[in-house]
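Participant: Can you keep this structure in mind? I'll have questions shortly.
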Amino acid sequence: MAQSILGKKILLVTGRLAEDQVKAAAGDADVLVADIDIAAFLTPELLLSASPRGYDLILIPGAITADFQQAERLLDTKIRLGPKNAADLKAVLRRLAGGKIELSTTIPACQLLAGNAREDALRRLEELEEKAGFAQLIRGVKIGGSSRMKVLAEIVDATHYSPVALTRKIRYYEEQGADMIDLGLPLDSHPDQAKDALQTARRATDLPVSIDTVRSELILAGLQAGADLILSLNARNLPQVGKAVAEAGTPAVIIPGPGSACLEENLKEALQMGISPLADPILEPPLQGLASSLFRYLAIHKDHPDIPLFFGAGNVTELLDADTVGANAILTALGAECGASILFTPEYSDKSTGSVHELATASKMMMLALHRQAPPKDLGLDLLILKEKRRLPEQAMPHEIIQARGGQLLQPDSCGNFKISISSEMILAQNGSTTVAGRNARDLLNTLLEMNLVSRLDHAGYLGRELEKAEIALRLKRSYVQDEPLWSSEKR
């Protein structure tokens, strides 16, 4: 009998197919190979027939849904769910040894691990942010210093929104993790429209709200309406609005230009006026000076370490036809190395949807990584969406297989056909006057079967495939068209 984790005797139960994997991960724990091939099919009766005795804890496969409470009483031993896959056993046993996980009878250990790691990361972030120093405090939000990079989410052409639509956009950005809201004012904006937009934003959120314009009259209107931050001051508008900005005590982002006026000159003038500045060396788009612009950030941060840096990540993602998840992660890492304090982005194009959430998550990852003085991995937070951190082992190929045949057509279902679509973050299955709505393929298909709206197995299989595609599209915020491939690369 093994004396293992925390002085307890542990038994790992598995099936024949996973025997080698479980034994390789078991360490000092004992392994019981039940009289089944697939571990997830273990039943209380099979476990009782093996009659394992003298253990403090029995770990059964995490994919099991059967109730083992009676078996637990009869064996007088705690029975808990391990991970769903044997490949995660080592991590679970390691956390058990450290006393960092309490296993469950209903939640697989791998899910508990992920949840605990995330909770630990968020708790640590809160502690770090509370202790962090800062260069500026904008409506209670720390900017610069050792505080976390904050995400400023821009609403482009904010004055073109109705109050209801503007409020809805602000609430969306809040849900996505924005720390601040920026109202981008188009060139055709009137000062009264700018004031109205700010007042709407004030009612909608407690987050800091900035205005984004170089027009002097709109900047003054924003000051009068109580903007928390001004974007952007340069050599042209500084003489006209600089004194008012300084008297209001409102921080302002300083940019280079126009013409030959450099950022250093504009910063110097703003400081002489008494303005509390943030510096924007301007992050250039890919192949338009992106790499060289990073050198400007490094130089400004070296010369003015106490002035927060403004990092326009959207200048890259909006002008790059690539998924934003990885792009925003690496941009945030570059921003952290350059000393950035604010990560700025709109979600202007459809392809950039999700950028606020991605930058918010990435900024947290960088703060944790900087604290650890290590690369941003194994943090409890990540931006892995389509790719896995670690692939699970594949099942061995059987010696004999039947090759699937293609080209078969569906026969008409007497119950009728379905139109599958997505709308308002719901999947819709329409058959005549009947529409069934849901958020996942399983519930929708089960409902259709319970309502006797499907009479053929081939039709049920087809619906399962299409509903699953619709669910994936919904989760990834992609378009869905019935009978069309989900991925652009597959379309011909």
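Ligands are numbered from 1 in the order shown, residues from 1 within each chain, and chains are lettered A, B, ... in the order they appear in the structure tokens.
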Could you list, as number ranges by chain, every residue within 12 Å of Ala396 of chain A, counting only C-alpha atoms and ignoring same-chain residues fewer than 4 positions away?
Facilitator: A: 17-18, 400-401
Participant: Counting only C-alpha atoms, which residues of segment 327-417 of chain A fall within 12 Å of segment 476-489 of chain A, and what is the closest atom pair for each with its distance in Å at one decimal, ordered by chain and rising number, as CSV?
Facilitator:
```
residue,atom,partner,partner_atom,distance
A:Asp350,CA,A:Arg478,CA,9.2
A:Lys351,CA,A:Arg478,CA,9.2
A:Ser352,CA,A:Lys477,CA,10.6
A:Thr353,CA,A:Lys477,CA,7.9
A:Gly354,CA,A:Lys477,CA,8.6
A:Ile385,CA,A:Leu476,CA,8.8
A:Leu386,CA,A:Leu476,CA,9.4
```
Participant: From the DSSP assignment of the backbone, select every residue of segment 298-452 of chain A that is helix (DSSP H, G or I), and format the answer as number ranges by chain.
Facilitator: A: 298-303, 314-317, 324-338, 350-352, 355-372, 441-450
Participant: Taking only segment 23-254 of chain A into account, list the residues labelled strand (DSSP E or B) by DSSP (computed from the backbone), as number ranges by chain.
Facilitator: A: 30-33, 57-60, 78-81, 136-138, 141-143, 150-155, 180-184, 209-212, 229-233, 252-254
Participant: Could you save those same residues with N, CA and C atoms as a short mmCIF file (atom, residue, chain, number, x, y, z; two decimals), in the first residue's frame?
Facilitator:
```cif
data_model
loop_
_atom_site.label_atom_id
_atom_site.label_comp_id
_atom_site.auth_asym_id
_atom_site.auth_seq_id
_atom_site.Cartn_x
_atom_site.Cartn_y
_atom_site.Cartn_z
N ASP A 30 -1.28 4.18 -5.80
CA ASP A 30 -1.58 2.88 -6.37
C ASP A 30 -2.54 3.04 -7.55
N VAL A 31 -2.54 2.06 -8.43
CA VAL A 31 -3.42 2.09 -9.61
C VAL A 31 -4.24 0.82 -9.64
N LEU A 32 -5.55 0.97 -9.81
CA LEU A 32 -6.47 -0.15 -9.99
C LEU A 32 -7.00 -0.10 -11.42
N VAL A 33 -6.75 -1.15 -12.18
CA VAL A 33 -7.26 -1.23 -13.55
C VAL A 33 -8.55 -2.04 -13.51
N LEU A 57 -8.21 8.04 -0.10
CA LEU A 57 -8.83 8.73 -1.23
C LEU A 57 -8.76 7.83 -2.46
N ILE A 58 -9.91 7.72 -3.16
CA ILE A 58 -9.96 7.01 -4.44
C ILE A 58 -10.31 8.03 -5.51
N LEU A 59 -9.43 8.14 -6.51
CA LEU A 59 -9.66 9.06 -7.63
C LEU A 59 -10.21 8.27 -8.81
N ILE A 60 -11.40 8.65 -9.26
CA ILE A 60 -12.00 8.01 -10.43
C ILE A 60 -11.94 8.99 -11.60
N LYS A 78 -13.20 8.24 0.84
CA LYS A 78 -13.56 9.35 -0.03
C LYS A 78 -13.35 8.95 -1.49
N ILE A 79 -14.36 9.18 -2.32
CA ILE A 79 -14.24 8.95 -3.76
C ILE A 79 -14.47 10.29 -4.46
N ARG A 80 -13.48 10.72 -5.19
CA ARG A 80 -13.54 12.03 -5.84
C ARG A 80 -13.18 11.91 -7.31
N LEU A 81 -13.66 12.89 -8.09
CA LEU A 81 -13.36 12.91 -9.52
C LEU A 81 -11.94 13.42 -9.75
N GLN A 136 -0.30 59.16 -12.47
CA GLN A 136 -1.53 59.96 -12.47
C GLN A 136 -2.68 59.12 -11.95
N LEU A 137 -3.67 59.80 -11.41
CA LEU A 137 -4.89 59.14 -10.96
C LEU A 137 -6.05 59.81 -11.69
N ILE A 138 -6.65 59.08 -12.62
CA ILE A 138 -7.74 59.63 -13.43
C ILE A 138 -9.05 59.00 -13.00
N VAL A 141 -8.62 55.80 -11.27
CA VAL A 141 -7.90 54.75 -12.00
C VAL A 141 -6.41 55.12 -12.06
N LYS A 142 -5.57 54.20 -11.59
CA LYS A 142 -4.13 54.44 -11.60
C LYS A 142 -3.58 54.36 -13.02
N ILE A 143 -2.76 55.35 -13.36
CA ILE A 143 -2.13 55.39 -14.68
C ILE A 143 -0.63 55.52 -14.49
N LYS A 150 -3.62 50.15 -18.57
CA LYS A 150 -5.08 50.26 -18.63
C LYS A 150 -5.54 50.28 -20.08
N VAL A 151 -6.73 49.73 -20.31
CA VAL A 151 -7.28 49.66 -21.67
C VAL A 151 -8.29 50.78 -21.86
N LEU A 152 -8.02 51.64 -22.84
CA LEU A 152 -8.92 52.73 -23.21
C LEU A 152 -9.62 52.33 -24.49
N ALA A 153 -10.93 52.11 -24.42
CA ALA A 153 -11.71 51.62 -25.54
C ALA A 153 -12.40 52.79 -26.24
N GLU A 154 -12.11 52.95 -27.53
CA GLU A 154 -12.65 54.08 -28.28
C GLU A 154 -13.97 53.75 -28.95
N ILE A 155 -14.92 54.67 -28.82
CA ILE A 155 -16.16 54.60 -29.59
C ILE A 155 -16.01 55.59 -30.74
N MET A 180 -11.27 52.37 -19.26
CA MET A 180 -11.62 53.75 -19.58
C MET A 180 -12.37 53.75 -20.91
N ILE A 181 -13.18 54.77 -21.11
CA ILE A 181 -13.97 54.91 -22.35
C ILE A 181 -13.55 56.19 -23.07
N ASP A 182 -13.32 56.07 -24.38
CA ASP A 182 -12.96 57.24 -25.19
C ASP A 182 -14.07 57.52 -26.19
N LEU A 183 -14.47 58.78 -26.27
CA LEU A 183 -15.47 59.21 -27.25
C LEU A 183 -14.74 59.86 -28.42
N GLY A 184 -14.66 59.14 -29.53
CA GLY A 184 -14.04 59.68 -30.74
C GLY A 184 -15.01 60.63 -31.42
N VAL A 209 -13.88 58.91 -18.67
CA VAL A 209 -14.31 59.13 -20.05
C VAL A 209 -13.44 60.22 -20.67
N SER A 210 -12.87 59.91 -21.82
CA SER A 210 -12.04 60.89 -22.54
C SER A 210 -12.76 61.31 -23.82
N ILE A 211 -12.30 62.44 -24.39
CA ILE A 211 -12.75 62.84 -25.72
C ILE A 211 -11.54 62.84 -26.63
N ASP A 212 -11.79 62.51 -27.89
CA ASP A 212 -10.71 62.32 -28.86
C ASP A 212 -10.93 63.23 -30.05
N LEU A 229 -10.11 63.05 -19.52
CA LEU A 229 -8.85 63.00 -20.26
C LEU A 229 -9.09 63.59 -21.64
N ILE A 230 -8.10 64.32 -22.14
CA ILE A 230 -8.22 64.95 -23.46
C ILE A 230 -7.26 64.26 -24.43
N LEU A 231 -7.78 63.83 -25.58
CA LEU A 231 -6.99 63.34 -26.69
C LEU A 231 -7.33 64.26 -27.88
N SER A 232 -6.45 64.97 -28.52
CA SER A 232 -5.02 64.98 -28.34
C SER A 232 -4.57 66.42 -28.52
N LEU A 233 -3.49 66.82 -27.83
CA LEU A 233 -2.96 68.17 -27.95
C LEU A 233 -1.68 68.15 -28.78
N ALA A 252 -3.90 65.34 -20.35
CA ALA A 252 -4.07 65.37 -21.80
C ALA A 252 -2.97 64.56 -22.48
N VAL A 253 -3.35 63.89 -23.56
CA VAL A 253 -2.39 63.14 -24.37
C VAL A 253 -1.76 64.11 -25.36
N ILE A 254 -0.42 64.13 -25.37
CA ILE A 254 0.33 65.01 -26.26
C ILE A 254 0.85 64.19 -27.42
#
```
Participant: Please list as a list in words every residue within 10 Å of Met367 of chain A, counting only C-alpha atoms and excluding residues in the same chain fewer than 3 positions away.
Facilitator: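 Returned residues: Arg124, Leu125, Leu128, Glu129, Ser146, Ser147, Arg148, Met149, Ala333, Ala336, Ala362, Ser363, Lys364, Leu370, His371, Arg372, Gln373 and Pro376 of chain A.
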Participant: Mind checking which residues fall within 12 Å of Ile64 of chain A, counting only C-alpha atoms, ignoring those fewer than 2 positions away in the same chain, and posting them as a PyMOL selection string?
Facilitator: chain A and resi 13-14+38-44+59-62+66-68+79-85+105-109
Participant: Residues of the last selection are to be written out with C-alpha atoms, as a PDB file, in the first residue's frame.
Facilitator:
```pdb
ATOM      1  CA  VAL A  13      -8.879   3.878 -10.857  1.00  0.00           C
ATOM      2  CA  THR A  14      -8.758   3.535 -14.634  1.00  0.00           C
ATOM      3  CA  ILE A  38     -12.757   2.822 -21.363  1.00  0.00           C
ATOM      4  CA  ALA A  39     -12.239   4.400 -17.932  1.00  0.00           C
ATOM      5  CA  ALA A  40     -15.202   6.776 -18.268  1.00  0.00           C
ATOM      6  CA  PHE A  41     -17.558   3.754 -18.267  1.00  0.00           C
ATOM      7  CA  LEU A  42     -16.581   2.769 -14.719  1.00  0.00           C
ATOM      8  CA  THR A  43     -19.649   2.068 -12.538  1.00  0.00           C
ATOM      9  CA  PRO A  44     -20.037   1.933  -8.749  1.00  0.00           C
ATOM     10  CA  LEU A  59      -9.664   9.057  -7.630  1.00  0.00           C
ATOM     11  CA  ILE A  60     -11.999   8.009 -10.432  1.00  0.00           C
ATOM     12  CA  PRO A  61     -11.952   9.389 -14.015  1.00  0.00           C
ATOM     13  CA  GLY A  62     -13.316  12.921 -14.321  1.00  0.00           C
ATOM     14  CA  ALA A  66     -22.537   8.123 -12.162  1.00  0.00           C
ATOM     15  CA  ASP A  67     -23.262   8.637  -8.444  1.00  0.00           C
ATOM     16  CA  PHE A  68     -20.603   6.977  -6.249  1.00  0.00           C
ATOM     17  CA  ILE A  79     -14.245   8.948  -3.764  1.00  0.00           C
ATOM     18  CA  ARG A  80     -13.535  12.034  -5.840  1.00  0.00           C
ATOM     19  CA  LEU A  81     -13.364  12.914  -9.521  1.00  0.00           C
ATOM     20  CA  GLY A  82      -9.878  13.105 -10.987  1.00  0.00           C
ATOM     21  CA  PRO A  83      -9.136  14.784 -14.328  1.00  0.00           C
ATOM     22  CA  LYS A  84     -10.970  13.833 -17.512  1.00  0.00           C
ATOM     23  CA  ASN A  85      -7.730  12.825 -19.184  1.00  0.00           C
ATOM     24  CA  THR A 105     -17.704  14.563  -6.442  1.00  0.00           C
ATOM     25  CA  THR A 106     -19.262  16.479  -9.341  1.00  0.00           C
ATOM     26  CA  ILE A 107     -16.580  18.684 -10.948  1.00  0.00           C
ATOM     27  CA  PRO A 108     -13.587  17.066 -12.714  1.00  0.00           C
ATOM     28  CA  ALA A 109     -10.248  17.884 -11.102  1.00  0.00           C
TER      29      ALA A 109
END
```
Participant: Show me, as number ranges by chain, the residues that have an atom within 12 Å of segment 223-226 of chain A when counting only C-alpha atoms, minus same-chain residues fewer than 4 positions from it.
Facilitator: A: 139, 191-202, 208-212, 216-219, 230-231, 241-252
